[in-house]
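The file run00.pdb contains PDB, C-alpha atoms:
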```
ATOM      1  CA  MET A 133       0.000   0.000   0.000
ATOM      2  CA  SER A 134       1.413   3.385  -0.955
ATOM      3  CA  SER A 135       1.719   6.156   1.602
ATOM      4  CA  ASP A 136      -1.010   8.071  -0.282
ATOM      5  CA  ASP A 137      -3.337   5.079   0.190
ATOM      6  CA  SER A 138      -2.476   4.992   3.900
ATOM      7  CA  TYR A 139      -3.302   8.675   4.318
ATOM      8  CA  LEU A 140      -6.639   8.228   2.544
ATOM      9  CA  ARG A 141      -7.355   5.226   4.776
ATOM     10  CA  PHE A 142      -6.414   7.261   7.859
ATOM     11  CA  ASP A 143      -8.691  10.146   6.827
ATOM     12  CA  LYS A 144     -11.570   7.684   6.383
ATOM     13  CA  ILE A 145     -10.932   6.170   9.827
ATOM     14  CA  CYS A 146     -11.127   9.646  11.396
ATOM     15  CA  ASP A 147     -14.297  10.526   9.455
ATOM     16  CA  ASP A 148     -15.939   7.235  10.491
ATOM     17  CA  ILE A 149     -15.031   7.874  14.126
ATOM     18  CA  PHE A 150     -16.509  11.386  14.089
ATOM     19  CA  ALA A 151     -19.728   9.866  12.702
ATOM     20  CA  LEU A 152     -20.072   7.628  15.793
ATOM     21  CA  SER A 153     -20.947  10.393  18.260
ATOM     22  CA  THR A 154     -21.021  14.150  18.609
ATOM     23  CA  ALA A 155     -19.246  13.602  21.960
ATOM     24  CA  ILE A 156     -16.044  12.795  20.067
ATOM     25  CA  ARG A 157     -13.956  15.968  20.164
ATOM     26  CA  SER A 158     -10.971  14.796  18.133
ATOM     27  CA  ALA A 159      -9.668  11.866  16.126
ATOM     28  CA  ILE A 160      -5.970  12.224  15.357
ATOM     29  CA  ILE A 161      -3.463   9.804  13.872
ATOM     30  CA  ILE A 162       0.187  10.237  14.749
ATOM     31  CA  ASP A 163       3.267   8.259  13.826
ATOM     32  CA  LYS A 164       5.646   6.646  16.322
ATOM     33  CA  MET A 165       7.713   9.838  16.393
ATOM     34  CA  GLY A 166       4.691  11.891  17.451
ATOM     35  CA  ARG A 167       4.170  13.599  14.097
ATOM     36  CA  HIS A 168       0.586  14.436  13.113
ATOM     37  CA  VAL A 169      -0.416  12.296  10.117
ATOM     38  CA  ALA A 170      -4.202  12.661   9.745
ATOM     39  CA  GLY A 171      -7.360  13.832  11.432
ATOM     40  CA  GLY A 172      -7.847  16.666  13.876
ATOM     41  CA  MET A 173     -10.460  18.391  15.962
ATOM     42  CA  ARG A 174     -14.167  18.122  15.184
ATOM     43  CA  LYS A 175     -15.284  21.188  13.243
ATOM     44  CA  GLY A 176     -16.431  23.866  15.646
ATOM     45  CA  THR A 177     -14.588  22.322  18.612
ATOM     46  CA  ARG A 178     -11.672  24.151  20.159
ATOM     47  CA  SER A 179      -8.630  22.259  21.390
ATOM     48  CA  MET A 180      -8.022  22.423  25.149
ATOM     49  CA  GLU A 181      -4.248  22.719  24.760
ATOM     50  CA  GLU A 182      -2.404  25.584  23.125
ATOM     51  CA  LYS A 183      -1.360  24.921  19.542
ATOM     52  CA  ASP A 184       2.323  24.993  20.511
ATOM     53  CA  ASP A 185       1.685  22.251  23.086
ATOM     54  CA  SER A 186       0.040  19.870  20.608
ATOM     55  CA  GLN A 187       3.338  18.577  19.226
ATOM     56  CA  LYS A 188       4.687  17.949  22.729
ATOM     57  CA  LEU A 189       1.472  16.098  23.569
ATOM     58  CA  TYR A 190       1.738  13.927  20.432
ATOM     59  CA  VAL A 191       5.336  12.982  21.271
ATOM     60  CA  GLN A 192       4.229  12.023  24.780
ATOM     61  CA  PHE A 193       1.400   9.833  23.383
ATOM     62  CA  ALA A 194       3.818   8.135  20.983
ATOM     63  CA  LEU A 195       6.363   7.504  23.726
ATOM     64  CA  ARG A 196       3.748   5.933  25.993
ATOM     65  CA  SER A 197       2.583   3.698  23.166
ATOM     66  CA  VAL A 198       6.106   2.527  22.354
ATOM     67  CA  MET A 199       6.852   1.879  26.036
ATOM     68  CA  ARG A 200       3.756  -0.344  26.336
ATOM     69  CA  GLU A 201       5.234  -2.580  23.608
ATOM     70  CA  ASP A 202       7.941  -3.665  26.083
ATOM     71  CA  PHE A 203       5.337  -5.888  27.720
ATOM     72  CA  ASP A 204       3.684  -7.314  24.580
ATOM     73  CA  GLU A 205       5.395 -10.678  25.021
ATOM     74  CA  GLN A 206       4.119 -11.092  28.577
ATOM     75  CA  PHE A 207       0.644  -9.542  28.298
ATOM     76  CA  GLY A 208      -0.141  -9.517  24.574
ATOM     77  CA  LYS A 209      -0.454  -6.480  22.317
ATOM     78  CA  THR A 210      -2.307  -3.395  23.508
ATOM     79  CA  LEU A 211      -5.780  -3.157  21.966
ATOM     80  CA  TYR A 212      -6.348   0.340  23.341
ATOM     81  CA  SER A 213      -5.607   2.446  26.383
ATOM     82  CA  PHE A 214      -8.049   4.776  28.087
ATOM     83  CA  SER A 215      -7.669   7.563  30.600
ATOM     84  CA  GLU A 216     -10.231   9.794  32.208
ATOM     85  CA  ARG A 217      -9.086  13.191  33.333
ATOM     86  CA  GLU A 218     -10.955  15.953  35.141
ATOM     87  CA  ARG A 219     -12.022  17.669  31.913
ATOM     88  CA  ILE A 220     -11.813  15.001  29.183
ATOM     89  CA  LYS A 221     -11.639  11.301  28.304
ATOM     90  CA  LEU A 222      -8.818  10.055  26.074
ATOM     91  CA  ALA A 223      -8.292   6.780  24.240
ATOM     92  CA  SER A 224      -5.327   5.540  22.188
ATOM     93  CA  PHE A 225      -5.410   2.726  19.649
ATOM     94  CA  PRO A 226      -2.358   1.256  17.903
ATOM     95  CA  LEU A 227      -3.231   1.018  14.193
ATOM     96  CA  ASP A 228      -0.115  -0.708  12.890
ATOM     97  CA  ASP A 229       3.592  -0.838  13.693
ATOM     98  CA  GLN A 230       4.019   2.861  12.905
ATOM     99  CA  HIS A 231       0.751   4.696  13.682
ATOM    100  CA  ILE A 232      -1.443   5.488  16.671
ATOM    101  CA  LEU A 233      -5.012   6.773  16.751
ATOM    102  CA  ARG A 234      -5.790   9.199  19.557
ATOM    103  CA  VAL A 235      -9.439  10.028  20.309
ATOM    104  CA  SER A 236     -10.748  12.567  22.813
ATOM    105  CA  ILE A 237     -14.279  12.306  24.166
ATOM    106  CA  GLU A 238     -16.366  14.827  26.085
ATOM    107  CA  LYS A 239     -16.110  14.281  29.847
ATOM    108  CA  GLY A 240     -19.891  14.021  30.275
ATOM    109  CA  GLU A 241     -20.288  11.203  27.743
ATOM    110  CA  THR A 242     -21.463   8.109  29.637
ATOM    111  CA  GLN A 243     -21.341   5.725  26.677
ATOM    112  CA  HIS A 244     -17.561   5.845  26.171
ATOM    113  CA  ASN A 245     -17.309   2.025  26.344
ATOM    114  CA  GLU A 246     -19.712   1.734  23.413
ATOM    115  CA  ILE A 247     -17.744   4.365  21.480
ATOM    116  CA  ILE A 248     -14.495   2.477  22.125
ATOM    117  CA  ASP A 249     -16.060  -0.829  20.999
ATOM    118  CA  ASN A 250     -17.242   0.832  17.785
ATOM    119  CA  ILE A 251     -13.801   2.358  17.167
ATOM    120  CA  LEU A 252     -12.249  -1.102  17.563
ATOM    121  CA  LYS A 253     -14.732  -2.404  14.949
ATOM    122  CA  ILE A 254     -13.808   0.419  12.546
ATOM    123  CA  ILE A 255     -10.101  -0.388  12.961
ATOM    124  CA  SER A 256     -10.708  -4.125  12.504
ATOM    125  CA  ASN A 257     -12.833  -3.593   9.376
ATOM    126  CA  THR A 258     -10.249  -1.216   7.942
ATOM    127  CA  LYS A 259      -7.490  -3.797   8.470
ATOM    128  CA  LYS A 260      -9.615  -6.537   6.856
ATOM    129  CA  ASN A 261     -10.364  -4.337   3.828
ATOM    130  CA  SER A 262      -6.724  -3.305   3.583
ATOM    131  CA  ASN A 263      -5.587  -6.941   3.623
ATOM    132  CA  LYS A 264      -8.115  -7.826   0.893
ATOM    133  CA  GLY A 265      -6.641  -5.027  -1.267
ATOM    134  CA  ASN A 266      -3.107  -6.331  -0.712
ATOM    135  CA  LYS A 267      -4.042  -9.848  -1.893
ATOM    136  CA  LYS A 268      -5.147  -8.710  -5.353
TER     137      LYS A 268
END
```
Please express what this file holds, its structure, as structure tokens.
Amino acid sequence: MSSDDSYLRFDKICDDIFALSTAIRSAIIIDKMGRHVAGGMRKGTRSMEEKDDSQKLYVQFALRSVMREDFDEQFGKTLYSFSERERIKLASFPLDDQHILRVSIEKGETQHNEIIDNILKIISNTKKNSNKGNKK
């Protein structure tokens, strides 16, 4: 798959995630170095962090994701990680060996487990479709 195909696939993942719930504030894909690859904030939603802090935040997310891989042999691969903060809920999903999906959800959303399950289905379906395309 070419990098252009990957970026189109990543944009579709983000669009599909935004369609799940209006409580989803952002759907962002970063690479393992913390560079923004696709996605962003929902239209009309303002980021909680300053723009200059976004890159630092992405690097931190990437570092955490890579550090979790140290325990893959003992515990299995990470399916997702979730944290709830005072003002927001955050979930991270490894997409492949090089990319991470980061989703923020409104603090008041009570159905975050359902949203996470649906995101996992979107990722799984995307991988299945991608593998079908590679077999042609």
Identify all residues satisfying the PyMOL selection byres ((chain A and resi 221) around 7) in the given file; provide them as a PDB file with C-alpha atoms, in the coordinates of the input.
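The resulting result-v1.pdb:
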```pdb
ATOM      1  CA  SER A 215      -7.669   7.563  30.600  1.00  0.00           C
ATOM      2  CA  GLU A 216     -10.231   9.794  32.208  1.00  0.00           C
ATOM      3  CA  ARG A 217      -9.086  13.191  33.333  1.00  0.00           C
ATOM      4  CA  ILE A 220     -11.813  15.001  29.183  1.00  0.00           C
ATOM      5  CA  LEU A 222      -8.818  10.055  26.074  1.00  0.00           C
ATOM      6  CA  ALA A 223      -8.292   6.780  24.240  1.00  0.00           C
ATOM      7  CA  SER A 236     -10.748  12.567  22.813  1.00  0.00           C
ATOM      8  CA  ILE A 237     -14.279  12.306  24.166  1.00  0.00           C
ATOM      9  CA  GLU A 238     -16.366  14.827  26.085  1.00  0.00           C
ATOM     10  CA  LYS A 239     -16.110  14.281  29.847  1.00  0.00           C
TER      11      LYS A 239
END
```
Residues near region 162-164 of chain A, cut-off 7 Å, all atoms listed in the file, skip fewer than 2 positions along chain, as a ChimeraX atom specification: /A:160,166-169,190,194,230-233
Residues near Asp143 (chain A), cut-off 9 Å, all atoms listed in the file, skip fewer than 5 positions along chain, as a PyMOL selection string: chain A and resi 138+148+161+170-171
Selection near Thr177 (chain A), 9 Å with only C-alpha atoms, sequence-local residues under 4 positions removed, as a PDB file with C-alpha atoms, in the frame of the given file:
```
ATOM      1  CA  ARG A 157     -13.956  15.968  20.164  1.00  0.00           C
ATOM      2  CA  SER A 158     -10.971  14.796  18.133  1.00  0.00           C
ATOM      3  CA  MET A 173     -10.460  18.391  15.962  1.00  0.00           C
TER       4      MET A 173
END
```
Could you tell me which residues the PyMOL selection byres ((chain A and resi 141) around 12) grabs in this file, written as a tab-separated table (two decimals) with C-alpha atoms, in the frame of the given file?
```tsv
chain	number	residue	atom	x	y	z
A	133	MET	CA	0.00	0.00	0.00
A	134	SER	CA	1.41	3.38	-0.96
A	135	SER	CA	1.72	6.16	1.60
A	136	ASP	CA	-1.01	8.07	-0.28
A	137	ASP	CA	-3.34	5.08	0.19
A	138	SER	CA	-2.48	4.99	3.90
A	139	TYR	CA	-3.30	8.68	4.32
A	140	LEU	CA	-6.64	8.23	2.54
A	142	PHE	CA	-6.41	7.26	7.86
A	143	ASP	CA	-8.69	10.15	6.83
A	144	LYS	CA	-11.57	7.68	6.38
A	145	ILE	CA	-10.93	6.17	9.83
A	146	CYS	CA	-11.13	9.65	11.40
A	147	ASP	CA	-14.30	10.53	9.46
A	148	ASP	CA	-15.94	7.24	10.49
A	161	ILE	CA	-3.46	9.80	13.87
A	169	VAL	CA	-0.42	12.30	10.12
A	170	ALA	CA	-4.20	12.66	9.74
A	171	GLY	CA	-7.36	13.83	11.43
A	227	LEU	CA	-3.23	1.02	14.19
A	254	ILE	CA	-13.81	0.42	12.55
A	255	ILE	CA	-10.10	-0.39	12.96
A	257	ASN	CA	-12.83	-3.59	9.38
A	258	THR	CA	-10.25	-1.22	7.94
A	259	LYS	CA	-7.49	-3.80	8.47
A	261	ASN	CA	-10.36	-4.34	3.83
A	262	SER	CA	-6.72	-3.30	3.58
A	265	GLY	CA	-6.64	-5.03	-1.27
```
Give the centre and edge lengths of an axis-aligned box, in Å to one decimal, that holds all listed atoms of region 207-216 of chain A with 4 Å on each side, as lines of an AutoDock Vina configuration file.
```
center_x = -4.8
center_y = 0.1
center_z = 27.1
size_x = 18.9
size_y = 27.3
size_z = 18.2
```
Interatomic distance (Å, one decimal) between CA of Gly172 (chain A) and CA of Val191 (chain A): 15.6 Å
Separation of CA of Leu152 (chain A) from CA of Ile247 (chain A), in Å and rounded to one decimal: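 We find that CA of Leu152 (chain A) and CA of Ile247 (chain A) lie 7.0 Å from each other.
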Residue among A:Leu211, A:Ala159, A:Val198, A:Ile248 lying closest to Ser179 (chain A), counting all atoms listed in the file: A:Ala159
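Atom pair CA of Asn263 (chain A) / CA of Phe203 (chain A) has a distance of 26.5 Å (rounded to one decimal).
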